[in-house]
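Student: Let me begin by handing over the structure; questions about it come next.
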Amino acid sequence: MATVDLPLLPLGRGTDLNSERGVECPGDLPPASDPALVARARAAKDALGEKVFVLGHHYQRDEVIQFADVTGDSFKLAREAAARPDAEYIVFCGVHFMAESADILTGPDQQVVLPDLAAGCSMADMARLTQVEMAWDALVKAGIGDSVVPVTYMNSSADIKAFCGRNGGLVCTSSNADVALQWAVEQKPDAKILFFPDQHLGRNTGVLKMGYSVDDCVVWDPHRPNGGLTTEQLRDARMILWRGHCSVHGRFSPEAVDDLRAEIPDITILVHPECRHEVVLKADLVGSTEFIIQTIEAAPAGSSWAIGTELNLVKRLADAHPDKRIVFLDKAVCFCSTMNRIDLPHLVWTLESLVAGTVVNRIEVDAETEKWALVALERMLALPGRTAKD
Ligand code: SF4
């Protein structure tokens, strides 16, 4: 029987975990109180010139975002990196799975660097390859192996993407999940979708876009024998959802929606599809990070919005649109703690190390994993009718 490794590992993968625990860095981080940090980051970036390209995810802190050459969601950033073949170093201010995707999509001579290896994603870490392989074996034993098509959210590790590539599946983002699911069900007669790691994106897409009932979607719990499901439940299901979630988006509550509607009657509730199904059902609009940004940009002055996504982005949108009333959906939800590990001291340390000729915290996906992950990513890129965005 295969061994199940750590179920939740919000740390970098494939490297020495002992050296990555906490916020320890192998190098000499400048103190956060150093008033020269901004000037040091600017000087190092200038010294590197075209050799470096800094990517900033929308959920990053302002102190880091100010140094980004481009901002975006995870998929847009990976493609931006691929479109800069002359940049020797890609400094990815985001989390580990994003840097892996950038490494997969960039050339062999480009080196992708994550300023803090402890910037992982708790959702991505909820689906580990050994667990997924055990689930796959169980589905084969239940007699449904031939009808299952695996689909993974972009927010997953490279080895899970590779698993999907090897087994006839693909990757999706939060803006093309419906097209990806449609592709999946067309691959086999009586196809069932195995969706990971985010049960909420899977359920919201299956129910709201594919016309499945909530009961058509069962949840596979990797910590219970046979996923906590009977063979009959597996055979009857249209979607098998991995029991994973985003620790930020999963905390928004339907009660917060009710409270805000009572407080601000003309408010529009705009949420990300990683939110729970009961929250999405109560919202007015649901869509990806890019959809949220575009919706707010297009909104009329004087309109009121409550946004259910990561706090750094909501705060930045509120600052950029003072003519609109923009509030955070839930007072109990905070920043993405792993995203926020990338701070100015780590960025300065990374850039100054590159100036000195030392590549720190390189993220490198092995060739076999890269080959199959690319198969799953290319199937997504070939989907009809959509520009892929996270
Ligand atoms: S916001 Fe959620 S999905 Fe995104 S990196 Fe943080 S934990 Fe992962």
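Identifiers in the structure tokens: chain A, B, ... in order shown; residue index from 1 per chain; ligand index from 1 in order shown.
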Hey, which residues come within 9 Å of ligand 1 if we count only C-alpha atoms and all ligand atoms? Could you give them as a PyMOL selection string?
Tutor: chain A and resi 10+59+94-98+119-125+155-156+198+245-250+274+309-310+335-340
Student: Go ahead and save the residues from that selection, with N, CA and C atoms, as a tab-separated table (two decimals), in the first residue's frame.
Tutor:
chain	number	residue	atom	x	y	z
A	10	PRO	N	2.09	23.60	3.69
A	10	PRO	CA	2.13	24.93	3.07
A	10	PRO	C	3.56	25.44	2.91
A	59	TYR	N	-2.58	39.24	-5.51
A	59	TYR	CA	-2.76	39.15	-4.07
A	59	TYR	C	-1.51	39.56	-3.28
A	94	GLY	N	4.70	35.43	-6.00
A	94	GLY	CA	3.42	34.71	-5.94
A	94	GLY	C	3.64	33.51	-5.04
A	95	VAL	N	3.06	32.37	-5.37
A	95	VAL	CA	3.30	31.17	-4.56
A	95	VAL	C	3.88	30.05	-5.42
A	96	HIS	N	4.22	28.95	-4.73
A	96	HIS	CA	5.05	27.92	-5.34
A	96	HIS	C	4.48	27.33	-6.62
A	97	PHE	N	3.17	26.99	-6.63
A	97	PHE	CA	2.64	26.34	-7.84
A	97	PHE	C	2.70	27.29	-9.04
A	98	MET	N	2.62	28.58	-8.78
A	98	MET	CA	2.68	29.56	-9.87
A	98	MET	C	4.09	29.59	-10.47
A	119	ALA	N	6.53	30.27	0.56
A	119	ALA	CA	5.30	30.81	-0.02
A	119	ALA	C	4.63	29.70	-0.82
A	120	GLY	N	3.91	28.85	-0.13
A	120	GLY	CA	3.17	27.77	-0.78
A	120	GLY	C	1.71	28.15	-0.89
A	121	CYS	N	0.87	27.19	-1.22
A	121	CYS	CA	-0.58	27.43	-1.28
A	121	CYS	C	-1.25	26.27	-0.55
A	122	SER	N	-1.99	26.60	0.51
A	122	SER	CA	-2.59	25.53	1.31
A	122	SER	C	-3.57	24.71	0.47
A	123	MET	N	-4.24	25.35	-0.50
A	123	MET	CA	-5.15	24.58	-1.35
A	123	MET	C	-4.39	23.57	-2.21
A	124	ALA	N	-3.35	24.04	-2.86
A	124	ALA	CA	-2.56	23.14	-3.72
A	124	ALA	C	-2.04	21.96	-2.90
A	125	ASP	N	-1.66	22.23	-1.65
A	125	ASP	CA	-1.10	21.17	-0.82
A	125	ASP	C	-2.14	20.19	-0.30
A	155	ASN	N	-4.39	25.98	-9.68
A	155	ASN	CA	-3.82	26.06	-8.33
A	155	ASN	C	-3.52	24.67	-7.80
A	156	SER	N	-2.58	24.01	-8.42
A	156	SER	CA	-2.18	22.67	-8.00
A	156	SER	C	-0.71	22.51	-8.34
A	198	ASP	N	-9.83	22.08	-5.65
A	198	ASP	CA	-10.82	22.96	-5.01
A	198	ASP	C	-12.25	22.46	-5.21
A	245	HIS	N	-9.89	23.14	-0.45
A	245	HIS	CA	-10.50	24.46	-0.51
A	245	HIS	C	-9.42	25.53	-0.32
A	246	CYS	N	-9.76	26.75	-0.68
A	246	CYS	CA	-8.86	27.87	-0.41
A	246	CYS	C	-9.13	28.37	0.99
A	247	SER	N	-8.06	28.50	1.78
A	247	SER	CA	-8.25	28.92	3.17
A	247	SER	C	-8.67	30.38	3.28
A	248	VAL	N	-8.54	31.14	2.23
A	248	VAL	CA	-9.02	32.53	2.24
A	248	VAL	C	-10.47	32.58	1.74
A	249	HIS	N	-10.70	32.14	0.52
A	249	HIS	CA	-12.05	32.25	-0.06
A	249	HIS	C	-13.08	31.36	0.65
A	250	GLY	N	-12.60	30.24	1.21
A	250	GLY	CA	-13.52	29.33	1.89
A	250	GLY	C	-14.11	29.90	3.16
A	274	GLU	N	-13.99	30.41	-5.96
A	274	GLU	CA	-13.43	29.56	-4.90
A	274	GLU	C	-14.23	29.70	-3.60
A	309	THR	N	-12.88	38.34	-2.26
A	309	THR	CA	-11.62	37.74	-2.71
A	309	THR	C	-10.52	38.24	-1.78
A	310	GLU	N	-9.27	37.99	-2.12
A	310	GLU	CA	-8.17	38.28	-1.20
A	310	GLU	C	-8.07	39.78	-0.88
A	335	PHE	N	-5.73	38.28	4.91
A	335	PHE	CA	-4.85	38.11	3.76
A	335	PHE	C	-4.51	36.63	3.56
A	336	CYS	N	-4.04	36.31	2.37
A	336	CYS	CA	-3.50	34.96	2.15
A	336	CYS	C	-2.12	34.94	2.80
A	337	SER	N	-2.00	34.16	3.87
A	337	SER	CA	-0.77	34.23	4.67
A	337	SER	C	0.45	33.76	3.89
A	338	THR	N	0.27	32.78	3.01
A	338	THR	CA	1.44	32.28	2.29
A	338	THR	C	1.87	33.26	1.19
A	339	MET	N	0.89	33.87	0.52
A	339	MET	CA	1.22	34.91	-0.46
A	339	MET	C	2.01	36.04	0.19
A	340	ASN	N	1.60	36.36	1.42
A	340	ASN	CA	2.20	37.50	2.11
A	340	ASN	C	3.59	37.21	2.66
Student: Could you find all residues in region 46-219 of chain A that DSSP calls strand (DSSP E or B) from the backbone, and write them as a PyMOL selection string?
Tutor: chain A and resi 52-57+70-72+89-93+111-113+148-153+170-172+192-196+217-219
Student: Would you save the residues of that selection, restricted to N, CA and C atoms, as a CSV table (one decimal), in the first residue's frame?
Tutor:
chain,number,residue,atom,x,y,z
A,52,VAL,N,16.3,40.6,-15.8
A,52,VAL,CA,15.3,40.1,-14.8
A,52,VAL,C,13.9,40.6,-15.2
A,53,PHE,N,12.9,39.8,-14.9
A,53,PHE,CA,11.6,40.1,-15.2
A,53,PHE,C,10.8,39.8,-13.9
A,54,VAL,N,10.2,40.8,-13.3
A,54,VAL,CA,9.5,40.5,-12.0
A,54,VAL,C,8.0,40.4,-12.2
A,55,LEU,N,7.4,39.3,-11.7
A,55,LEU,CA,6.0,39.1,-11.9
A,55,LEU,C,5.3,39.3,-10.5
A,56,GLY,N,4.2,40.0,-10.5
A,56,GLY,CA,3.5,40.2,-9.2
A,56,GLY,C,2.1,39.7,-9.3
A,57,HIS,N,1.7,38.8,-8.5
A,57,HIS,CA,0.3,38.3,-8.4
A,57,HIS,C,-0.5,39.4,-7.8
A,70,VAL,N,5.0,43.3,-14.4
A,70,VAL,CA,3.6,43.0,-14.8
A,70,VAL,C,2.8,42.4,-13.6
A,71,THR,N,1.6,42.7,-13.5
A,71,THR,CA,0.7,42.1,-12.5
A,71,THR,C,-0.3,41.3,-13.2
A,72,GLY,N,-0.8,40.3,-12.4
A,72,GLY,CA,-1.9,39.5,-13.0
A,72,GLY,C,-2.2,38.3,-12.2
A,89,TYR,N,16.3,35.8,-15.7
A,89,TYR,CA,15.7,35.5,-14.4
A,89,TYR,C,14.3,35.9,-14.3
A,90,ILE,N,13.4,35.0,-13.9
A,90,ILE,CA,12.0,35.4,-13.7
A,90,ILE,C,11.8,35.3,-12.2
A,91,VAL,N,11.6,36.5,-11.6
A,91,VAL,CA,11.4,36.5,-10.1
A,91,VAL,C,9.8,36.5,-10.0
A,92,PHE,N,9.3,35.4,-9.4
A,92,PHE,CA,7.9,35.3,-9.3
A,92,PHE,C,7.4,35.6,-7.9
A,93,CYS,N,6.8,36.8,-7.8
A,93,CYS,CA,6.2,37.2,-6.5
A,93,CYS,C,4.8,36.6,-6.5
A,111,GLN,N,15.6,31.0,-15.6
A,111,GLN,CA,15.6,30.5,-14.3
A,111,GLN,C,14.5,31.2,-13.5
A,112,VAL,N,13.6,30.4,-12.9
A,112,VAL,CA,12.5,31.0,-12.2
A,112,VAL,C,12.8,31.0,-10.7
A,113,VAL,N,12.6,32.1,-10.0
A,113,VAL,CA,13.0,32.2,-8.6
A,113,VAL,C,11.8,32.7,-7.8
A,148,VAL,N,-13.6,7.9,-15.9
A,148,VAL,CA,-13.2,9.1,-15.2
A,148,VAL,C,-12.2,9.9,-16.0
A,149,VAL,N,-12.4,11.2,-16.0
A,149,VAL,CA,-11.5,12.2,-16.6
A,149,VAL,C,-11.0,13.1,-15.5
A,150,PRO,N,-9.7,13.2,-15.3
A,150,PRO,CA,-9.2,14.1,-14.2
A,150,PRO,C,-9.0,15.5,-14.7
A,151,VAL,N,-9.5,16.5,-13.9
A,151,VAL,CA,-9.4,17.9,-14.2
A,151,VAL,C,-8.8,18.6,-13.0
A,152,THR,N,-7.7,19.3,-13.2
A,152,THR,CA,-7.1,20.0,-12.0
A,152,THR,C,-7.2,21.5,-12.3
A,153,TYR,N,-7.4,22.2,-11.2
A,153,TYR,CA,-7.4,23.7,-11.2
A,153,TYR,C,-5.9,24.1,-11.4
A,170,LEU,N,-6.9,17.4,-18.1
A,170,LEU,CA,-6.4,18.7,-18.4
A,170,LEU,C,-6.4,19.6,-17.2
A,171,VAL,N,-5.9,20.9,-17.4
A,171,VAL,CA,-5.8,21.9,-16.4
A,171,VAL,C,-7.0,22.9,-16.7
A,172,CYS,N,-7.5,23.5,-15.7
A,172,CYS,CA,-8.4,24.6,-16.0
A,172,CYS,C,-8.1,25.8,-15.1
A,192,LYS,N,-17.2,10.7,-16.1
A,192,LYS,CA,-17.3,11.4,-14.8
A,192,LYS,C,-16.1,12.2,-14.6
A,193,ILE,N,-16.2,13.3,-13.9
A,193,ILE,CA,-15.1,14.2,-13.7
A,193,ILE,C,-14.5,14.0,-12.3
A,194,LEU,N,-13.2,13.8,-12.2
A,194,LEU,CA,-12.5,13.9,-11.0
A,194,LEU,C,-11.9,15.2,-10.9
A,195,PHE,N,-12.3,16.1,-10.0
A,195,PHE,CA,-11.9,17.5,-10.0
A,195,PHE,C,-11.1,17.8,-8.7
A,196,PHE,N,-9.9,18.4,-8.9
A,196,PHE,CA,-9.1,18.8,-7.7
A,196,PHE,C,-8.3,20.1,-8.0
A,217,CYS,N,-22.7,15.7,-7.3
A,217,CYS,CA,-21.3,16.0,-7.0
A,217,CYS,C,-21.0,15.4,-5.6
A,218,VAL,N,-20.2,14.4,-5.6
A,218,VAL,CA,-19.8,13.8,-4.3
A,218,VAL,C,-18.4,14.3,-3.9
A,219,VAL,N,-18.0,14.2,-2.6
A,219,VAL,CA,-16.7,14.8,-2.2
A,219,VAL,C,-15.8,13.6,-1.7
Student: Could you jot down the CA of Trp372 (chain A) to CA of His200 (chain A) separation for me, Å, one decimal place?
Tutor: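 Answer for the CA of Trp372 (chain A) to CA of His200 (chain A) separation: 25.6 Å.
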Student: Which one is closest to Asn312 (chain A): A:Ala158, A:Leu37, A:Val64, A:Val271? Count only C-alpha atoms.
Tutor: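 Among the listed residues, A:Val64 lies closest to Asn312 (chain A).
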Student: Tell me which of A:Ala102, A:Ala237, A:Ile267, A:Val355 sits closest to Ala78 (chain A), counting only C-alpha atoms.
Tutor: A:Ala102
Student: When you draw a straight line from CA of Asp284 (chain A) to CA of Ala256 (chain A), how long is it in Å?
Tutor: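 Interatomic distance, CA of Asp284 (chain A) to CA of Ala256 (chain A): 13.7 Å.
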Student: Residues at most 8 Å from Pro85 (chain A), counting only C-alpha atoms, excluding those fewer than 3 positions away in the same chain, as a ChimeraX atom specification?
Tutor: /A:81-82,88,106-107,110
